[in-house]
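For reference, my_file.cif (mmCIF, C-alpha atoms):
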```cif
data_structure
loop_
_atom_site.label_atom_id
_atom_site.label_comp_id
_atom_site.auth_asym_id
_atom_site.auth_seq_id
_atom_site.Cartn_x
_atom_site.Cartn_y
_atom_site.Cartn_z
CA MET I 1 -17.92 -51.65 0.40
CA SER I 2 -15.82 -48.80 -0.99
CA LEU I 3 -13.97 -46.44 1.32
CA SER I 4 -13.65 -43.83 -1.41
CA ASN I 5 -15.67 -40.63 -0.99
CA ALA I 6 -14.68 -39.24 -4.36
CA GLY I 7 -18.24 -39.33 -5.63
CA ASN I 8 -19.82 -38.12 -2.38
CA SER I 9 -20.40 -34.39 -2.69
CA SER I 10 -22.12 -34.12 0.69
CA ILE I 11 -18.82 -34.13 2.55
CA PRO I 12 -17.80 -30.51 3.04
CA GLN I 13 -14.40 -29.47 1.79
CA SER I 14 -12.32 -27.93 4.52
CA ARG I 15 -11.02 -24.44 3.79
CA ASN I 16 -7.65 -23.14 4.82
CA THR I 17 -7.23 -19.54 5.90
CA VAL I 18 -4.05 -17.58 5.35
CA LYS I 19 -3.58 -14.10 6.82
CA VAL I 20 -1.35 -11.66 4.95
CA LYS I 21 -0.38 -8.44 6.70
CA ILE I 22 0.32 -5.43 4.50
CA GLY I 23 1.55 -2.04 5.70
CA LEU I 24 0.89 1.25 3.90
CA ILE I 25 3.44 3.96 4.65
CA GLY I 26 4.08 7.47 3.35
CA ASP I 27 3.54 11.17 3.99
CA ALA I 28 0.19 12.69 4.90
CA GLN I 29 -2.29 13.15 2.05
CA VAL I 30 -0.58 10.87 -0.46
CA GLY I 31 -3.66 8.63 -0.74
CA LYS I 32 -2.89 5.66 1.53
CA THR I 33 -6.36 5.48 3.07
CA SER I 34 -8.08 6.17 -0.25
CA LEU I 35 -6.22 3.31 -1.92
CA MET I 36 -6.98 0.94 0.96
CA VAL I 37 -10.68 1.82 1.06
CA LYS I 38 -10.94 1.53 -2.74
CA TYR I 39 -9.36 -1.94 -2.64
CA VAL I 40 -11.41 -3.24 0.30
CA GLN I 41 -14.77 -1.51 -0.21
CA ASN I 42 -14.58 -0.35 -3.86
CA VAL I 43 -15.42 3.21 -2.80
CA PHE I 44 -13.61 6.46 -3.51
CA ASP I 45 -14.35 9.51 -1.37
CA GLU I 46 -13.22 12.93 -2.65
CA GLU I 47 -13.18 14.29 0.91
CA TYR I 48 -9.85 14.09 2.74
CA THR I 49 -10.00 12.41 6.13
CA GLN I 50 -6.81 12.46 8.17
CA THR I 51 -5.76 9.10 9.58
CA LEU I 52 -5.09 9.42 13.29
CA GLY I 53 -2.65 6.69 14.23
CA VAL I 54 -3.36 3.49 12.31
CA HIS I 55 -6.35 2.65 10.10
CA TYR I 56 -7.07 -1.06 9.67
CA LEU I 57 -9.22 -2.94 7.15
CA GLU I 58 -9.44 -6.54 5.98
CA ARG I 59 -10.37 -8.10 2.67
CA LYS I 60 -10.88 -11.81 2.12
CA ILE I 61 -10.48 -13.46 -1.25
CA ALA I 62 -10.91 -17.13 -2.12
CA LEU I 63 -8.15 -18.93 -3.97
CA GLY I 64 -9.15 -22.52 -4.56
CA SER I 65 -9.71 -24.11 -1.15
CA THR I 66 -7.91 -21.29 0.65
CA ASP I 67 -9.26 -18.02 1.97
CA VAL I 68 -6.61 -15.32 1.88
CA VAL I 69 -7.30 -12.52 4.36
CA PHE I 70 -5.41 -9.32 3.63
CA SER I 71 -4.95 -7.38 6.87
CA ILE I 72 -4.11 -3.89 5.68
CA MET I 73 -2.71 -1.30 8.06
CA ASP I 74 -2.41 2.34 7.04
CA LEU I 75 -0.15 4.56 9.16
CA GLY I 76 -1.06 8.22 9.50
CA GLY I 77 1.54 10.22 7.59
CA GLN I 78 2.14 12.92 10.18
CA ARG I 79 5.43 12.56 12.02
CA GLU I 80 3.60 12.42 15.36
CA PHE I 81 2.52 8.85 14.46
CA ILE I 82 6.05 7.56 13.74
CA ASN I 83 6.01 5.74 17.11
CA MET I 84 3.30 3.47 15.63
CA LEU I 85 5.51 2.41 12.70
CA PRO I 86 6.41 -0.92 14.37
CA LEU I 87 2.70 -1.81 14.56
CA VAL I 88 2.40 -1.43 10.78
CA SER I 89 5.83 -2.81 9.80
CA GLU I 90 6.51 -5.77 12.08
CA GLY I 91 5.22 -9.03 10.67
CA ALA I 92 4.12 -7.47 7.38
CA VAL I 93 4.62 -9.64 4.31
CA SER I 94 4.68 -6.49 2.18
CA ILE I 95 5.16 -2.81 2.89
CA ILE I 96 3.77 -0.44 0.31
CA PHE I 97 5.51 2.93 0.26
CA LEU I 98 3.27 5.59 -1.26
CA PHE I 99 4.08 9.04 -2.61
CA ASP I 100 2.03 11.68 -4.42
CA LEU I 101 3.19 12.05 -8.04
CA THR I 102 2.19 15.74 -7.95
CA ARG I 103 4.26 16.56 -4.83
CA PRO I 104 7.96 15.66 -5.26
CA GLU I 105 8.73 16.19 -1.57
CA THR I 106 6.61 13.12 -0.79
CA LEU I 107 8.93 11.05 -2.99
CA SER I 108 12.01 12.50 -1.27
CA SER I 109 10.68 11.48 2.14
CA ILE I 110 10.34 7.84 1.00
CA LYS I 111 14.07 7.44 1.82
CA GLU I 112 13.43 8.04 5.51
CA TRP I 113 10.18 6.03 5.62
CA TYR I 114 12.01 3.12 3.98
CA ARG I 115 15.00 3.34 6.30
CA GLN I 116 12.84 3.37 9.42
CA ALA I 117 10.44 0.63 8.26
CA ARG I 118 13.35 -1.63 7.31
CA GLY I 119 14.63 -1.25 10.87
CA PHE I 120 11.50 -3.11 12.01
CA ASN I 121 11.15 -5.52 9.10
CA GLU I 122 14.00 -6.46 6.78
CA THR I 123 12.15 -9.20 4.91
CA ALA I 124 8.89 -7.56 3.81
CA ILE I 125 8.45 -7.18 0.07
CA ALA I 126 8.71 -3.47 -0.70
CA LEU I 127 6.46 -1.86 -3.28
CA LEU I 128 6.80 1.77 -4.37
CA VAL I 129 3.52 3.36 -5.47
CA GLY I 130 3.05 6.80 -7.00
CA THR I 131 -0.52 8.00 -6.47
CA LYS I 132 -2.74 10.57 -8.18
CA TYR I 133 -1.71 9.54 -11.68
CA ASP I 134 -4.87 11.17 -13.05
CA LEU I 135 -3.50 14.56 -11.93
CA PHE I 136 0.10 13.74 -12.82
CA ILE I 137 -0.63 13.12 -16.52
CA THR I 138 -2.01 16.66 -16.86
CA MET I 139 1.27 18.18 -15.66
CA ASP I 140 4.20 19.50 -17.69
CA SER I 141 5.99 16.72 -19.61
CA GLU I 142 9.42 17.73 -18.23
CA TYR I 143 8.08 17.37 -14.69
CA GLN I 144 6.57 13.99 -15.58
CA GLU I 145 9.87 12.78 -16.97
CA GLN I 146 11.85 14.01 -13.95
CA ILE I 147 9.51 12.35 -11.43
CA SER I 148 9.38 9.15 -13.48
CA ARG I 149 13.18 8.92 -13.64
CA THR I 150 13.65 9.75 -9.96
CA SER I 151 11.00 7.28 -8.82
CA MET I 152 12.58 4.55 -10.98
CA LYS I 153 15.92 5.19 -9.24
CA TYR I 154 14.21 4.95 -5.84
CA ALA I 155 12.50 1.70 -6.82
CA GLN I 156 15.79 0.26 -8.01
CA ALA I 157 17.54 1.25 -4.76
CA MET I 158 14.67 -0.33 -2.79
CA ASP I 159 14.71 -3.47 -4.99
CA SER I 160 11.04 -2.78 -5.50
CA PRO I 161 8.50 -2.74 -8.29
CA LEU I 162 7.21 0.74 -9.17
CA VAL I 163 3.53 1.35 -9.83
CA PHE I 164 1.72 4.57 -10.74
CA CYS I 165 -1.99 4.56 -9.94
CA SER I 166 -5.11 6.66 -9.71
CA THR I 167 -7.51 5.66 -6.97
CA SER I 168 -10.20 8.05 -8.22
CA ASN I 169 -10.06 6.60 -11.73
CA SER I 170 -9.51 2.97 -10.61
#
```

What is this file in structure tokens?
Amino acid sequence: MSLSNAGNSSIPQSRNTVKVKIGLIGDAQVGKTSLMVKYVQNVFDEEYTQTLGVHYLERKIALGSTDVVFSIMDLGGQREFINMLPLVSEGAVSIIFLFDLTRPETLSSIKEWYRQARGFNETAIALLVGTKYDLFITMDSEYQEQISRTSMKYAQAMDSPLVFCSTSNS
């Protein structure tokens, strides 16, 4: 009698589950919620809806015998919600810092968002994301060059990859 079950497909394979917390941080109206909803639900809504406090969604993907559950937390960008920053930052594997490519002040404020988030989590992988690329590419080429250079300097200072994206155009 063989003890091997290699040929027996009726035995269910056990699945592992890994939870990965990701925080989305940046000024109001930079596209944090839109990006999160597009990633989780594959939907883009043109209407702006202000996040009050923290918005939370999950997405599960299967990698081999492991289910990876991304727990994504989006912090409202108004300063009144800064007291909830620990909820989004602490325990996050990655913190995505978002700014609007068409509004340079949102890039400038990344310095303070980064400083404060790092106070709660020094080990999270930082990612700098410029949103609304579809609008950005229609702007003056000098402006595009200035924002691109400045954002590259920010990414370098943050030891972070830099990504430009358009949620509306996927």

Atomic distance CA of Ser166 in chain I - CA of Leu35 in chain I, expressed in Å with one decimal: 8.6 Å

List the residues selected by the PyMOL selection byres ((chain I and resi 64) around 12) in the file shown, writing them as a PyMOL selection string. chain I and resi 13-17+61-63+65-68

Evaluated on this file, the PyMOL selection byres ((chain I and resi 144) around 12) picks out some residues - which ones are they, written as a list of chain:residue names?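 Selection result, ordered by chain and number: I:Leu101, I:Thr102, I:Arg103, I:Pro104, I:Gly130, I:Tyr133, I:Leu135, I:Phe136, I:Ile137, I:Thr138, I:Met139, I:Asp140, I:Ser141, I:Glu142, I:Tyr143, I:Glu145, I:Gln146, I:Ile147, I:Ser148, I:Arg149, I:Thr150, I:Ser151, I:Phe164.
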
Using the chain letters and numbers from the file, which residues does the PyMOL selection byres ((chain I and resi 106-116) around 12) grab, as a ChimeraX atom specification? /I:23-31,75,77-79,82-86,88-90,95-105,117-122,124-131,146-155,157-160

Using CA of Ser170 in chain I and CA of Val40 in chain I as the two end points, give the distance in Å to one decimal.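 So the answer is 12.7 Å.
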
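Proximity of I:Met73, I:Val54, I:Gln156, I:Tyr39 to Ser168 in chain I, computed with all atoms listed in the file, is greatest for I:Tyr39.
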
CA of Val18 in chain I and CA of Lys38 in chain I are how many Å apart? 21.9 Å
